[in-house]
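This is my_file_14.tsv. It holds TSV, C-alpha atoms.
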```tsv
chain	number	residue	atom	x	y	z
B	1	MET	CA	-5.20	47.84	-8.20
B	2	SER	CA	-2.92	45.21	-9.74
B	3	GLU	CA	0.14	47.12	-8.51
B	4	ILE	CA	-0.90	46.67	-4.86
B	5	HIS	CA	0.32	43.42	-3.28
B	6	LEU	CA	-0.61	44.11	0.32
B	7	ALA	CA	-2.20	40.72	1.00
B	8	LYS	CA	0.84	38.75	-0.14
B	9	CYS	CA	3.19	41.00	1.81
B	10	ILE	CA	1.27	40.71	5.09
B	11	ALA	CA	1.12	36.92	4.83
B	12	LYS	CA	4.77	36.66	3.81
B	13	LYS	CA	6.11	38.95	6.55
B	14	ARG	CA	3.90	37.30	9.21
B	15	ARG	CA	5.29	33.87	8.32
B	16	GLU	CA	8.85	35.20	8.26
B	17	MET	CA	8.35	36.50	11.81
B	18	ASN	CA	6.72	33.17	12.77
B	19	ILE	CA	3.62	34.77	14.29
B	20	THR	CA	-0.03	33.77	14.01
B	21	GLN	CA	-2.84	35.81	12.54
B	22	GLU	CA	-4.19	36.16	16.06
B	23	GLU	CA	-0.88	37.60	17.35
B	24	LEU	CA	-0.74	40.11	14.52
B	25	ALA	CA	-4.38	41.04	15.07
B	26	SER	CA	-3.72	41.59	18.78
B	27	TYR	CA	-0.82	43.97	18.04
B	28	ILE	CA	-2.71	45.95	15.41
B	29	GLY	CA	-5.93	46.05	17.43
B	30	VAL	CA	-8.24	44.18	15.08
B	31	SER	CA	-9.88	40.78	15.01
B	32	LYS	CA	-8.21	37.62	13.75
B	33	ALA	CA	-10.96	37.47	11.10
B	34	ALA	CA	-9.87	40.89	9.82
B	35	VAL	CA	-6.28	39.69	9.31
B	36	SER	CA	-7.57	36.56	7.59
B	37	LYS	CA	-9.63	38.69	5.19
B	38	TRP	CA	-6.60	40.89	4.44
B	39	GLU	CA	-4.46	37.89	3.55
B	40	SER	CA	-7.18	36.29	1.41
B	41	GLU	CA	-7.73	39.62	-0.42
B	42	ASN	CA	-11.36	39.82	0.70
B	43	SER	CA	-10.76	43.23	2.26
B	44	LEU	CA	-8.03	45.83	2.82
B	45	PRO	CA	-6.79	47.32	6.10
B	46	ASP	CA	-8.00	50.79	6.99
B	47	ILE	CA	-5.52	53.34	5.67
B	48	THR	CA	-4.80	54.53	9.22
B	49	LEU	CA	-3.46	51.06	10.06
B	50	LEU	CA	-0.80	51.03	7.33
B	51	PRO	CA	1.85	52.94	9.31
B	52	ARG	CA	1.40	50.55	12.26
B	53	LEU	CA	1.66	47.48	10.03
B	54	ALA	CA	4.74	48.86	8.27
B	55	SER	CA	6.36	49.68	11.60
B	56	TYR	CA	5.62	46.22	12.98
B	57	PHE	CA	7.22	44.55	9.96
B	58	ASN	CA	10.07	47.12	9.93
B	59	ILE	CA	9.48	48.10	6.31
B	60	SER	CA	8.25	51.20	4.46
B	61	ILE	CA	4.60	51.60	3.50
B	62	ASP	CA	5.64	51.31	-0.15
B	63	LYS	CA	7.23	47.93	0.61
B	64	LEU	CA	4.20	46.90	2.64
B	65	ILE	CA	1.78	47.44	-0.21
B	66	GLY	CA	4.24	46.13	-2.77
B	67	TYR	CA	4.31	49.37	-4.72
B	68	GLU	CA	7.58	50.31	-6.42
B	69	PRO	CA	7.55	54.02	-7.36
B	70	GLN	CA	11.02	53.85	-8.94
B	71	MET	CA	12.34	52.06	-12.02
B	72	THR	CA	15.79	50.72	-12.63
B	73	LYS	CA	17.82	52.09	-15.52
B	74	GLU	CA	17.14	48.92	-17.51
B	75	GLU	CA	13.40	49.14	-16.85
B	76	ILE	CA	13.38	52.75	-18.05
B	77	ARG	CA	15.21	51.71	-21.19
B	78	ARG	CA	12.66	48.95	-21.86
B	79	GLN	CA	9.79	51.38	-21.38
B	80	TYR	CA	11.32	53.90	-23.78
B	81	LEU	CA	11.90	51.26	-26.45
B	82	TYR	CA	8.41	49.86	-25.94
B	83	PHE	CA	6.66	53.20	-26.40
B	84	LYS	CA	8.97	54.18	-29.27
B	85	GLY	CA	8.01	50.92	-30.97
B	86	ILE	CA	4.24	51.19	-30.63
B	87	LEU	CA	4.27	54.82	-31.77
B	88	GLY	CA	4.86	53.46	-35.24
B	89	THR	CA	2.00	50.97	-35.11
B	90	LYS	CA	-0.80	52.47	-32.98
B	91	PRO	CA	-2.74	55.75	-33.17
B	92	PHE	CA	-0.92	58.45	-31.25
B	93	LEU	CA	-3.89	59.07	-28.95
B	94	ASP	CA	-3.94	55.42	-27.84
B	95	VAL	CA	-0.23	55.50	-27.08
B	96	GLN	CA	-0.67	58.80	-25.28
B	97	MET	CA	-3.33	57.36	-22.98
B	98	GLU	CA	-1.17	54.34	-22.14
B	99	LEU	CA	1.86	56.54	-21.57
B	100	ASP	CA	-0.14	58.86	-19.31
B	101	GLU	CA	-1.08	55.93	-17.07
B	102	LYS	CA	2.53	54.83	-16.83
B	103	ILE	CA	3.71	58.35	-16.01
B	104	LYS	CA	1.09	58.70	-13.27
B	105	LYS	CA	2.28	55.47	-11.71
B	106	TYR	CA	5.92	56.56	-11.71
B	107	TYR	CA	5.46	60.29	-11.23
B	108	SER	CA	8.22	60.39	-8.64
B	109	CYS	CA	10.72	58.42	-10.75
B	110	PHE	CA	12.51	61.42	-12.21
B	111	PRO	CA	14.93	59.58	-14.55
B	112	PHE	CA	11.85	57.95	-16.09
B	113	LEU	CA	10.10	61.31	-16.48
B	114	LEU	CA	13.19	62.71	-18.21
B	115	GLN	CA	13.22	59.89	-20.75
B	116	MET	CA	9.49	60.22	-21.39
B	117	THR	CA	10.07	63.94	-21.97
B	118	VAL	CA	12.63	63.02	-24.63
B	119	LEU	CA	10.22	60.47	-26.12
B	120	LEU	CA	7.50	63.11	-26.47
B	121	MET	CA	9.92	65.62	-27.95
B	122	ASN	CA	10.96	63.12	-30.60
B	123	HIS	CA	7.43	62.14	-31.64
B	124	TYR	CA	5.21	65.14	-30.87
B	125	ASP	CA	4.52	65.97	-34.51
B	126	ALA	CA	2.55	62.74	-34.94
B	127	ALA	CA	-0.13	64.07	-32.58
B	128	GLU	CA	-3.29	65.80	-33.75
B	129	ILE	CA	-2.30	68.87	-31.73
B	130	PRO	CA	1.53	68.77	-31.51
B	131	GLU	CA	1.72	71.83	-29.26
B	132	ASP	CA	-0.28	70.05	-26.55
B	133	VAL	CA	2.26	67.22	-26.52
B	134	LEU	CA	5.14	69.70	-26.24
B	135	MET	CA	3.37	71.38	-23.32
B	136	TRP	CA	2.94	67.97	-21.68
B	137	ALA	CA	6.67	67.33	-22.12
B	138	LEU	CA	7.40	70.77	-20.68
B	139	THR	CA	5.30	69.96	-17.61
B	140	LEU	CA	7.34	66.79	-17.03
B	141	ALA	CA	10.66	68.59	-17.42
B	142	ARG	CA	9.59	71.30	-14.98
B	143	ARG	CA	8.45	68.72	-12.44
B	144	VAL	CA	11.89	67.12	-12.47
B	145	LYS	CA	13.58	70.51	-12.26
B	146	ASN	CA	11.46	71.59	-9.29
B	147	GLU	CA	11.20	68.31	-7.37
B	148	SER	CA	14.35	66.25	-7.94
B	149	GLU	CA	17.23	66.44	-5.49
B	150	ASP	CA	19.67	64.94	-7.99
B	151	ILE	CA	21.75	67.71	-9.55
B	152	ASN	CA	22.27	65.76	-12.77
B	153	ASP	CA	18.53	65.21	-13.18
B	154	VAL	CA	17.93	68.91	-12.61
B	155	LYS	CA	20.55	69.90	-15.19
B	156	SER	CA	19.04	67.53	-17.74
B	157	ALA	CA	15.56	68.88	-17.02
B	158	VAL	CA	16.70	72.48	-17.50
B	159	ASN	CA	18.37	71.58	-20.82
B	160	LEU	CA	15.17	69.91	-22.01
B	161	GLU	CA	13.09	72.86	-20.85
B	162	VAL	CA	15.27	75.22	-22.88
B	163	ILE	CA	14.82	73.11	-26.02
B	164	LEU	CA	11.07	72.82	-25.45
B	165	ASP	CA	10.72	76.57	-24.99
B	166	MET	CA	12.43	77.07	-28.34
B	167	MET	CA	10.28	74.41	-29.99
B	168	LEU	CA	7.22	76.25	-28.66
B	169	GLY	CA	8.49	79.53	-30.07
B	170	LYS	CA	9.34	81.04	-26.67
B	171	PRO	CA	13.00	82.12	-26.95
B	172	ASN	CA	12.67	84.64	-24.10
B	173	ASP	CA	11.55	81.89	-21.72
B	174	ALA	CA	14.52	79.80	-22.84
B	175	LEU	CA	16.90	82.70	-22.32
B	176	GLU	CA	15.75	83.11	-18.71
B	177	LEU	CA	16.95	79.57	-18.03
B	178	LEU	CA	20.37	80.09	-19.55
B	179	ASP	CA	23.50	81.72	-18.25
B	180	GLU	CA	24.41	84.15	-21.03
B	181	SER	CA	28.10	84.10	-20.21
B	182	VAL	CA	29.90	81.64	-22.50
B	183	ARG	CA	32.45	79.64	-20.55
B	184	PRO	CA	35.17	77.31	-21.82
B	185	LEU	CA	34.17	73.67	-22.19
B	186	SER	CA	34.66	71.59	-19.06
B	187	GLN	CA	38.00	69.80	-18.85
B	188	GLU	CA	36.70	67.13	-16.49
B	189	THR	CA	36.86	64.37	-19.10
B	190	GLU	CA	40.41	65.22	-20.13
B	191	SER	CA	41.43	65.43	-16.47
B	192	LEU	CA	39.96	61.98	-15.84
B	193	ALA	CA	42.03	60.59	-18.72
B	194	GLN	CA	45.18	62.17	-17.27
B	195	VAL	CA	44.45	60.72	-13.83
B	196	TYR	CA	44.04	57.25	-15.33
B	197	GLN	CA	47.31	57.76	-17.19
B	198	MET	CA	49.14	58.70	-13.98
B	199	LEU	CA	47.72	55.61	-12.28
B	200	GLY	CA	49.00	53.41	-15.06
B	201	GLU	CA	45.47	52.62	-16.29
B	202	ARG	CA	46.48	53.05	-19.92
B	203	GLU	CA	43.45	51.53	-21.63
B	204	LYS	CA	41.03	53.46	-19.42
B	205	ALA	CA	42.85	56.67	-20.32
B	206	MET	CA	42.65	55.87	-24.03
B	207	ARG	CA	38.94	55.11	-23.76
B	208	VAL	CA	38.22	58.43	-22.05
B	209	TYR	CA	40.23	60.35	-24.64
B	210	GLN	CA	38.33	58.59	-27.42
B	211	ILE	CA	35.00	59.49	-25.86
B	212	SER	CA	36.08	63.11	-25.50
B	213	ILE	CA	37.39	63.36	-29.09
B	214	TYR	CA	34.24	61.67	-30.42
B	215	GLN	CA	31.95	64.14	-28.66
B	216	HIS	CA	33.96	67.20	-29.71
B	217	LEU	CA	34.03	65.91	-33.29
B	218	LEU	CA	30.25	65.56	-33.46
B	219	ILE	CA	29.71	68.99	-31.96
B	220	LEU	CA	32.13	70.52	-34.47
B	221	VAL	CA	30.37	68.90	-37.43
B	222	ALA	CA	26.74	69.04	-36.33
B	223	GLU	CA	26.73	72.69	-35.24
B	224	ALA	CA	27.89	73.80	-38.68
B	225	ALA	CA	24.37	73.31	-40.03
B	226	GLN	CA	22.75	76.00	-37.90
B	227	TYR	CA	25.87	78.17	-37.78
B	228	SER	CA	26.07	78.39	-41.57
B	229	MET	CA	22.44	79.52	-41.83
B	230	LEU	CA	23.32	82.64	-39.82
B	231	TYR	CA	25.38	83.67	-42.84
B	232	GLU	CA	22.69	82.96	-45.42
B	233	ASP	CA	23.25	86.43	-46.94
B	234	ASN	CA	27.02	85.91	-47.08
B	235	LYS	CA	27.74	83.26	-49.67
B	236	GLU	CA	31.50	83.21	-49.14
B	237	LYS	CA	31.31	82.83	-45.36
B	238	SER	CA	28.52	80.24	-45.32
B	239	THR	CA	30.31	78.18	-47.99
B	240	GLU	CA	33.54	78.24	-45.99
B	241	ILE	CA	31.76	77.02	-42.84
B	242	LEU	CA	30.11	74.15	-44.69
B	243	ASN	CA	33.20	73.14	-46.66
B	244	ARG	CA	35.42	72.99	-43.59
B	245	SER	CA	32.85	71.00	-41.64
B	246	LEU	CA	32.26	68.54	-44.46
B	247	GLN	CA	36.00	68.04	-44.91
B	248	ILE	CA	36.33	67.16	-41.23
B	249	ALA	CA	33.31	64.87	-41.48
B	250	ASP	CA	34.88	63.14	-44.47
B	251	ILE	CA	38.27	62.68	-42.76
B	252	PHE	CA	36.67	61.08	-39.69
B	253	GLN	CA	33.99	59.22	-41.69
B	254	VAL	CA	31.22	60.76	-39.61
B	255	ALA	CA	28.56	59.60	-42.06
B	256	LYS	CA	29.41	56.01	-41.07
B	257	LEU	CA	29.86	56.77	-37.38
B	258	GLN	CA	26.80	58.92	-36.75
B	259	PRO	CA	24.95	59.93	-39.92
B	260	ASN	CA	22.45	62.13	-38.09
B	261	ALA	CA	25.33	64.51	-37.30
B	262	VAL	CA	26.36	65.10	-40.91
B	263	VAL	CA	22.99	64.85	-42.71
B	264	PRO	CA	21.87	68.31	-41.46
B	265	VAL	CA	25.10	69.82	-42.83
B	266	TYR	CA	24.40	68.55	-46.36
B	267	TYR	CA	20.81	69.70	-45.99
B	268	SER	CA	21.85	73.21	-44.93
B	269	ALA	CA	24.33	73.34	-47.80
B	270	ALA	CA	21.56	72.41	-50.24
B	271	LEU	CA	19.34	75.17	-48.85
B	272	LEU	CA	22.05	77.81	-49.02
B	273	TYR	CA	23.12	76.91	-52.56
B	274	CYS	CA	19.49	76.99	-53.65
B	275	MET	CA	18.99	80.42	-52.07
B	276	HIS	CA	22.09	81.68	-53.91
B	277	GLY	CA	20.81	80.36	-57.22
B	278	GLU	CA	23.39	77.56	-57.56
B	279	MET	CA	20.98	74.78	-58.41
B	280	ASP	CA	23.54	72.21	-59.54
B	281	LYS	CA	25.42	72.48	-56.25
B	282	SER	CA	22.16	72.39	-54.32
B	283	LEU	CA	21.20	69.16	-56.08
B	284	GLU	CA	24.65	67.74	-55.43
B	285	MET	CA	24.20	68.36	-51.70
B	286	LEU	CA	20.71	66.83	-51.77
B	287	GLU	CA	22.11	63.77	-53.52
B	288	GLN	CA	24.73	63.40	-50.78
B	289	TYR	CA	21.99	63.86	-48.17
B	290	THR	CA	19.93	61.13	-49.84
B	291	LYS	CA	22.90	58.80	-50.23
B	292	ILE	CA	23.59	58.89	-46.50
B	293	CYS	CA	19.89	58.43	-45.68
B	294	LEU	CA	19.76	55.36	-47.89
B	295	GLU	CA	23.13	53.75	-47.21
B	296	ASP	CA	24.31	54.75	-43.74
B	297	PHE	CA	21.30	55.35	-41.54
B	298	PHE	CA	19.48	52.05	-41.15
B	299	PRO	CA	19.53	49.99	-39.12
B	300	PHE	CA	20.54	52.83	-36.81
B	301	SER	CA	22.96	52.17	-33.97
B	302	LEU	CA	25.68	54.19	-32.32
B	303	HIS	CA	29.08	52.55	-32.75
B	304	GLY	CA	32.78	53.19	-33.10
B	305	ASP	CA	35.19	52.21	-35.84
B	306	SER	CA	38.91	51.43	-36.24
B	307	TYR	CA	39.80	54.89	-34.86
B	308	PHE	CA	37.17	54.93	-32.09
B	309	ASP	CA	37.68	51.30	-31.12
B	310	LEU	CA	37.11	51.61	-27.37
B	311	ILE	CA	33.74	53.34	-27.16
B	312	ASP	CA	31.10	50.78	-28.15
B	313	ASP	CA	30.42	49.79	-24.55
B	314	TRP	CA	30.06	53.49	-23.63
B	315	PHE	CA	27.00	53.79	-25.85
B	316	MET	CA	25.36	50.97	-23.94
B	317	GLU	CA	25.59	53.11	-20.80
B	318	PHE	CA	23.13	55.59	-22.34
B	319	ASP	CA	19.62	55.63	-20.91
B	320	ILE	CA	18.17	54.09	-24.06
B	321	GLY	CA	21.27	52.24	-25.22
B	322	ASN	CA	22.84	52.64	-28.65
B	323	GLY	CA	19.60	52.83	-30.64
B	324	ALA	CA	17.85	55.82	-32.17
B	325	PRO	CA	15.68	57.88	-29.79
B	326	GLN	CA	12.99	58.19	-32.47
B	327	ASN	CA	10.82	55.57	-34.12
B	328	GLU	CA	12.36	54.54	-37.45
B	329	LYS	CA	9.16	55.27	-39.38
B	330	PHE	CA	9.20	58.84	-38.07
B	331	ILE	CA	12.84	59.24	-39.10
B	332	ARG	CA	12.17	58.01	-42.64
B	333	LYS	CA	9.15	60.28	-43.07
B	334	SER	CA	11.07	63.32	-41.81
B	335	MET	CA	13.88	62.62	-44.29
B	336	LEU	CA	11.39	62.79	-47.16
B	337	SER	CA	9.35	65.68	-45.79
B	338	ALA	CA	12.43	67.86	-45.27
B	339	VAL	CA	13.13	67.78	-49.00
B	340	LYS	CA	9.68	67.37	-50.52
B	341	ASP	CA	7.76	69.85	-48.36
B	342	ASN	CA	10.30	72.65	-47.99
B	343	PRO	CA	9.18	75.61	-50.17
B	344	ALA	CA	12.83	76.55	-50.71
B	345	PHE	CA	13.21	73.52	-52.99
B	346	TYR	CA	10.05	74.13	-55.05
B	347	ILE	CA	12.15	75.71	-57.77
B	348	LEU	CA	13.77	72.29	-58.31
B	349	ARG	CA	10.52	70.36	-58.70
B	350	GLU	CA	10.79	69.86	-62.46
B	351	ASP	CA	14.45	68.87	-62.42
B	352	ALA	CA	15.08	65.19	-63.19
B	353	ARG	CA	17.73	64.88	-60.47
B	354	TYR	CA	15.35	66.30	-57.88
B	355	LYS	CA	12.58	63.92	-58.98
B	356	SER	CA	15.01	61.03	-58.63
B	357	ILE	CA	15.89	62.16	-55.10
B	358	ILE	CA	12.21	62.28	-54.13
B	359	GLN	CA	11.57	58.84	-55.62
B	360	LYS	CA	14.44	57.34	-53.63
B	361	LEU	CA	13.29	58.94	-50.39
B	362	GLU	CA	9.70	57.84	-51.01
B	363	ALA	CA	10.96	54.29	-51.48
B	364	LEU	CA	12.86	54.63	-48.22
B	365	VAL	CA	9.66	55.63	-46.42
B	366	LYS	CA	8.01	52.49	-47.78
B	367	GLY	CA	10.85	50.44	-46.36
B	368	SER	CA	12.95	49.82	-49.42
B	369	LYS	CA	15.85	51.47	-51.20
```
Can I see the file as structure tokens?
Amino acid sequence: MSEIHLAKCIAKKRREMNITQEELASYIGVSKAAVSKWESENSLPDITLLPRLASYFNISIDKLIGYEPQMTKEEIRRQYLYFKGILGTKPFLDVQMELDEKIKKYYSCFPFLLQMTVLLMNHYDAAEIPEDVLMWALTLARRVKNESEDINDVKSAVNLEVILDMMLGKPNDALELLDESVRPLSQETESLAQVYQMLGEREKAMRVYQISIYQHLLILVAEAAQYSMLYEDNKEKSTEILNRSLQIADIFQVAKLQPNAVVPVYYSAALLYCMHGEMDKSLEMLEQYTKICLEDFFPFSLHGDSYFDLIDDWFMEFDIGNGAPQNEKFIRKSMLSAVKDNPAFYILREDARYKSIIQKLEALVKGSK
């Protein structure tokens, strides 16, 4: 029980109160020898005595035994980065066992459980039975939803549960969690900027506006990928969706800002062009996809630019900072697999341009360009 520091706490609090072992023993109703054994770690107090000891020292039982069931935001970030890192170097089962022990220890630290849910969602396909990992993540999300008293934690848990239900092929379960009425986007961020402006806090107002514009921009670009696929049988409409989105992405240099927002758009465009029999255009989109994967993705970090010049510190407020939520090795492998293993692209297998794309992505997986 390395997390239990009862002996040190009893000795420390007794000295702080300037009382002898005999005086403490008299109050608790035990022998002086018993207190001496507690402090020398030769024995532990009976569990029924813990409330009395905690009350005497005017501390909680958690404080008495030296057990901290909550993590700070920085500790959670370190844990996420640690597990993300070893997922690329150790067998998944070994990491899973270590992670399970950590989760059990901090099962009431709901922000930690949320981040471990995200970790599992981002790396589940490395497991021998991926569905079991998704179910584990779903259990964590539901615990937070049902037990946390923090409304923001609950909202995050519900959002994760919706995504997990879809990943598990349970759209009806996801729908039960959602409000089917589509409301306008919240104006809270814009209102905050206006309040800062009225208070004369000009730079704060500019920063908030930048954050708002940045988020709306990424939503506008990233959602085009899935939206266009709904029009897979309508070449004109799907092409218009993709072209408009890619033009916006080009104007705002999204590939440099956040490549993972624009890569799916090029990928969807390649799929749609291939389905419509336009192989040259499909290859052109795959080449753009590959170019961004090779030139703009690594090392991955969220950042601004000359337009978004006030948001870099905002990224550091994120639970895991400005780094990628997924292990880099997993990202590289998924980039290759998306192109190489998708049956839709099999028709391109003998094309020299396609072979070149695969070679470049295979080199990327190996850690070179």
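The spacing separating CA of Asp341 (chain B) from CA of Leu364 (chain B) amounts to 16.1 Å.
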One-decimal distance in Å that lies between CA of Phe110 (chain B) and CA of Pro69 (chain B):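 Going from CA of Pro69 (chain B) over to CA of Phe110 (chain B) covers 10.1 Å.
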Radius query 7 Å about (28.7, 77.3, -42.7), atoms used: all atoms listed in the file, as a PyMOL selection string: chain B and resi 224-225+227-229+237-242
Pairwise distance for CA of Asp296 (chain B) and CA of Ile211 (chain B), rounded to one decimal in Å: 21.4 Å
For Arg78 (chain B), list every protein, DNA or RNA residue within 8 Å, evaluated using all atoms listed in the file, and leave out those in the same chain fewer than 4 positions away; present the list as an mmCIF file with C-alpha atoms, in the frame of the given file.
```
data_model
loop_
_atom_site.group_PDB
_atom_site.id
_atom_site.type_symbol
_atom_site.label_atom_id
_atom_site.label_comp_id
_atom_site.auth_asym_id
_atom_site.auth_seq_id
_atom_site.Cartn_x
_atom_site.Cartn_y
_atom_site.Cartn_z
ATOM 1 C CA GLU B 74 17.140 48.920 -17.510
ATOM 2 C CA TYR B 82 8.410 49.860 -25.940
ATOM 3 C CA ILE B 320 18.170 54.090 -24.060
#
```
What lies within 9 Å of Leu283 (chain B) using only C-alpha atoms, ignoring chain neighbours under 2 positions off, as a PDB file with C-alpha atoms, in the coordinates of the input?
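Just written: part12.pdb:
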```
ATOM      1  CA  ALA B 270      21.560  72.410 -50.240  1.00  0.00           C
ATOM      2  CA  TYR B 273      23.120  76.910 -52.560  1.00  0.00           C
ATOM      3  CA  CYS B 274      19.490  76.990 -53.650  1.00  0.00           C
ATOM      4  CA  GLU B 278      23.390  77.560 -57.560  1.00  0.00           C
ATOM      5  CA  MET B 279      20.980  74.780 -58.410  1.00  0.00           C
ATOM      6  CA  ASP B 280      23.540  72.210 -59.540  1.00  0.00           C
ATOM      7  CA  LYS B 281      25.420  72.480 -56.250  1.00  0.00           C
ATOM      8  CA  MET B 285      24.200  68.360 -51.700  1.00  0.00           C
ATOM      9  CA  LEU B 286      20.710  66.830 -51.770  1.00  0.00           C
ATOM     10  CA  GLU B 287      22.110  63.770 -53.520  1.00  0.00           C
ATOM     11  CA  GLN B 288      24.730  63.400 -50.780  1.00  0.00           C
ATOM     12  CA  LEU B 348      13.770  72.290 -58.310  1.00  0.00           C
ATOM     13  CA  ARG B 353      17.730  64.880 -60.470  1.00  0.00           C
ATOM     14  CA  TYR B 354      15.350  66.300 -57.880  1.00  0.00           C
ATOM     15  CA  ILE B 357      15.890  62.160 -55.100  1.00  0.00           C
TER      16      ILE B 357
END
```
